[in-house]
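Beneath this line is the structure, given in structure tokens, with notes to follow.
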Amino acid sequence: MTEQKTGHPNPNPDLNPNPGPDPIAETFTLGGGLPVRRLGFGTAQLTGPGYWGPRGERADAVAVLRRAVERGVTLIDTADNYGPDLAEELVAEALAPYPAGLTVATKGGVVRTSARAWHVEGRPERLRAMCEASLRRLRTGTIGLYQLHRLDPAVPMEEQLGALDELRREGKIRYIGLDSVTAEQLERALPLTGIASVQNRFNLLDRASAAVLRLCERHGLAFLPWFPLANGALTGTAASALDSVAGRHGATRGQIALAWLLHHSPVLCPTPGTGSPVHLDENLRATEIRLSAEDLRALDTLASPAPLG
């Protein structure tokens, strides 16, 4: 069967356009062919500040990755510039050969030269070289989900996506995703190649990508929100409402923030990261929380909705 080039109507039986507080979908099928548990694990926090160098002991990072999979995580999110290279190497050291049902998503297209300096690189030959380097570091023949970390404004979108489409036809990647795109860019990309996911910033307090989320819902694309825990901003004005909801569920603010994402849209697949096994377990327990309609109303007021369009 030939894969459709355009964004297709939702292929997910779990996708409900009018989700209620209960139940919530526990899984999402990436690209119509890779089922994953919606709450995954991100590897950025296994590297140092500015995604540069190691954060702690290598053995500890390997252990938390293994624990995540043991606890049922089936989506690991990483990138070639985390470290750089280090996060992908840790994933391979911890998990290769990869168990059946585990999807590793990585990203290319950003070159980090220090903790504070990086640039976008979208030339087709460079994207190919970066993808092939990720394959070697991850010790795999096929990357389940390969996301373009940033669109390069100096290179036509058609050339960037064409390079990834070629890699997909060669079997080196299975599905293609985009990171940090506008709704207009996503609409332009959909007719060019099959898109399985978007990874934009989105959380309880920051909903600027609401229009992109609506497009993902319409086309059955996964939305992997980065900074799902608001990057430590769950304080101040938000704290009172969060504490009130958290108190009703015997939960932490972070757990409520993750639970809100899982309730807010069935295409949202957060991948919070941590180097702590205790914090990992805490995050994963967010899937057990069922927010009431009252909870959702209180939480929905914490950020102004993004404008329609």
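Please note that chains go A, B, ... in the order of the structure tokens, that every chain numbers its residues from 1, and that ligands are numbered from 1 in the order shown.
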**Study point:** DSSP helix (DSSP H, G or I) selection over region 48-131 of chain A, as a PyMOL selection string
**Key:** chain A and resi 49-51+58-70+86-95+124-131
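Every protein, DNA or RNA residue with an atom at most 9 Å from Gly109 (chain A), where only C-alpha atoms count and chain neighbours fewer than 2 positions away do not, is listed here: Asp80, Asn81, Lys107, Val111, His119, Val120, Glu121, Gly122, Arg123, Arg126, Leu127, Met130, Gln147, Leu148, His149, Arg150, Leu151 and Asp152 of chain A.
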With the cut-off set at 12 Å and counting only C-alpha atoms, tabulate each residue of region 99-211 of chain A with an atom at most that distance from an atom of region 39-44 of chain A, showing the nearest atom pair and its distance in Å to one decimal, ordered by chain and increasing number, as a Markdown table.
| residue | atom | partner | partner_atom | distance |
| --- | --- | --- | --- | --- |
| A:Leu102 | CA | A:Gly40 | CA | 10.3 |
| A:Thr103 | CA | A:Gly40 | CA | 9.8 |
| A:Val104 | CA | A:Phe41 | CA | 9.9 |
| A:Ala105 | CA | A:Gly42 | CA | 9.5 |
| A:Thr106 | CA | A:Thr43 | CA | 9.9 |
| A:Lys107 | CA | A:Ala44 | CA | 11.7 |
| A:Gln199 | CA | A:Gly42 | CA | 11.9 |
Point to revise | strand (DSSP E) residues, from DSSP on the backbone, in region 20-165 of chain A, as a ChimeraX atom specification | key: /A:27-30,34-37,41-42,75-77,103-108,110-112,118-120,143-148
Expected file: the selected residues, C-alpha atoms, as a compact mmCIF listing (two decimals), in the first residue's frame:
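As a result, again.txt now contains:
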# COMPACT_ATOMS: atom_id res chain seq x y z
CA THR A 27 -1.66 5.25 23.35
CA PHE A 28 -1.16 7.02 20.05
CA THR A 29 -0.22 5.49 16.72
CA LEU A 30 2.59 7.47 15.07
CA LEU A 34 3.85 2.83 15.31
CA PRO A 35 1.75 2.57 18.47
CA VAL A 36 3.38 4.25 21.48
CA ARG A 37 2.32 5.06 25.01
CA PHE A 41 10.81 9.97 28.03
CA GLY A 42 13.06 12.78 26.80
CA LEU A 75 8.74 6.43 23.10
CA ILE A 76 12.24 7.80 23.70
CA ASP A 77 12.90 11.32 22.39
CA THR A 103 10.29 3.72 19.24
CA VAL A 104 13.36 5.96 19.35
CA ALA A 105 12.77 9.44 17.93
CA THR A 106 15.76 11.63 17.17
CA LYS A 107 16.34 14.97 15.48
CA GLY A 108 18.82 16.56 13.10
CA VAL A 110 20.82 21.89 14.35
CA VAL A 111 24.58 22.04 14.94
CA ARG A 112 25.63 23.01 18.46
CA TRP A 118 24.30 26.75 17.65
CA HIS A 119 23.16 27.17 14.08
CA VAL A 120 20.59 25.63 11.75
CA ILE A 143 15.19 5.36 13.00
CA GLY A 144 11.51 5.11 13.89
CA LEU A 145 10.85 8.87 13.89
CA TYR A 146 13.33 11.41 12.52
CA GLN A 147 12.41 15.03 13.14
CA LEU A 148 13.83 18.09 11.42
Check your understanding: Quick one: distance from CA of Gly83 (chain A) to CA of Gly53 (chain A) in Å, one decimal?
Key ->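 Result for CA of Gly83 (chain A) versus CA of Gly53 (chain A): 4.8 Å, one decimal.
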Review point. Do you have the CA of Ser180 (chain A)-CA of Thr274 (chain A) distance handy?
Key: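 Separation between CA of Ser180 (chain A) and CA of Thr274 (chain A): 21.7 Å.
Remark: for Gly72 (chain A), the closest of the candidate residues A:Thr287, A:Ser292, A:Ser134, A:Thr252 is A:Thr287 (distances computed over only C-alpha atoms).
Once Pro225 (chain A) and its same-chain neighbours fewer than 3 positions away are set aside, Asp179, Ser180, Val198, Gln199, Asn200, Arg201, Phe202, Asn203, Ser209, Leu213, Ala222, Pro228, Leu229, Leu261, Leu268, Cys269, Pro270, Thr271 and Pro272 of chain A remain within 10 Å of it when counting only C-alpha atoms.
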Residue subset to file, keeping N, CA and C atoms, as a compact mmCIF listing (two decimals), in the first residue's frame:
# COMPACT_ATOMS: atom_id res chain seq x y z
N ASP A 179 10.02 20.09 13.94
CA ASP A 179 10.18 20.71 15.26
C ASP A 179 10.11 22.22 15.12
N SER A 180 9.33 22.86 15.99
CA SER A 180 9.25 24.32 16.07
C SER A 180 8.81 24.94 14.75
N VAL A 198 4.78 16.62 15.10
CA VAL A 198 5.29 17.97 15.31
C VAL A 198 5.79 18.04 16.74
N GLN A 199 6.89 18.76 16.94
CA GLN A 199 7.41 18.95 18.30
C GLN A 199 7.61 20.45 18.53
N ASN A 200 6.62 21.07 19.14
CA ASN A 200 6.64 22.49 19.45
C ASN A 200 6.54 22.68 20.96
N ARG A 201 6.88 23.88 21.41
CA ARG A 201 6.68 24.18 22.83
C ARG A 201 5.19 24.32 23.11
N PHE A 202 4.74 23.63 24.15
CA PHE A 202 3.33 23.69 24.53
C PHE A 202 3.22 23.11 25.92
N ASN A 203 2.55 23.83 26.80
CA ASN A 203 2.35 23.33 28.15
C ASN A 203 1.19 24.07 28.80
N SER A 209 1.22 27.58 20.53
CA SER A 209 1.13 26.69 19.37
C SER A 209 -0.24 26.02 19.26
N LEU A 213 -1.49 22.73 17.11
CA LEU A 213 -2.14 21.58 17.73
C LEU A 213 -3.44 21.24 17.01
N ALA A 222 0.96 13.25 15.63
CA ALA A 222 1.37 13.35 17.03
C ALA A 222 1.94 14.75 17.28
N PRO A 228 7.25 20.33 28.57
CA PRO A 228 5.90 19.97 29.02
C PRO A 228 5.63 20.36 30.46
N LEU A 229 6.69 20.54 31.25
CA LEU A 229 6.53 20.96 32.65
C LEU A 229 6.79 22.45 32.81
N LEU A 261 -1.97 17.88 30.03
CA LEU A 261 -1.62 17.66 28.62
C LEU A 261 -2.31 16.41 28.08
N LEU A 268 -1.54 14.84 21.96
CA LEU A 268 -0.39 15.30 22.74
C LEU A 268 0.33 14.10 23.36
N CYS A 269 1.63 14.02 23.09
CA CYS A 269 2.47 12.93 23.59
C CYS A 269 3.69 13.53 24.29
N PRO A 270 3.56 13.94 25.54
CA PRO A 270 4.67 14.59 26.25
C PRO A 270 5.80 13.61 26.53
N THR A 271 7.02 14.12 26.48
CA THR A 271 8.20 13.29 26.76
C THR A 271 9.08 13.99 27.80
N PRO A 272 8.60 14.14 29.04
CA PRO A 272 9.41 14.80 30.07
C PRO A 272 10.67 13.99 30.35
Point to revise | From A:Ala25, A:Gly31, A:Ala92, A:Arg38, residue lying nearest Val62 (chain A) [only C-alpha atoms] | key: A:Ala92
Review point. At what distance in Å, to one decimal, does CA of Leu224 (chain A) lie from CA of Gln185 (chain A)?
Key: 16.8 Å
Review point. Pick from A:Thr47, A:Ser276, A:Ser244, A:Gln160: nearest to Pro124 (chain A), with only C-alpha atoms counted?
Key: A:Gln160
Test item: residues at most 9 Å from Arg55 (chain A), only C-alpha atoms, excluding those fewer than 5 positions along its chain, as an mmCIF file with C-alpha atoms, in the first residue's frame:
data_model
loop_
_atom_site.group_PDB
_atom_site.id
_atom_site.type_symbol
_atom_site.label_atom_id
_atom_site.label_comp_id
_atom_site.auth_asym_id
_atom_site.auth_seq_id
_atom_site.Cartn_x
_atom_site.Cartn_y
_atom_site.Cartn_z
ATOM 1 C CA GLN A 45 18.059 16.368 30.841
ATOM 2 C CA LEU A 46 20.726 13.669 30.641
ATOM 3 C CA THR A 47 23.122 16.298 29.261
ATOM 4 C CA GLY A 48 24.571 19.360 30.916
ATOM 5 C CA PRO A 49 23.407 22.999 30.850
ATOM 6 C CA ALA A 61 21.886 8.062 32.849
ATOM 7 C CA GLY A 275 18.106 12.024 35.410
#
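Remark: for Val69 (chain A), the closest of the candidate residues A:Ala208, A:Ile256, A:Leu234, A:Leu284 is A:Leu284 (distances computed over only C-alpha atoms).
Closest to Ala293 (chain A) among A:Arg66, A:Pro23, A:Glu57, A:Ala115 is A:Pro23, based on only C-alpha atoms.
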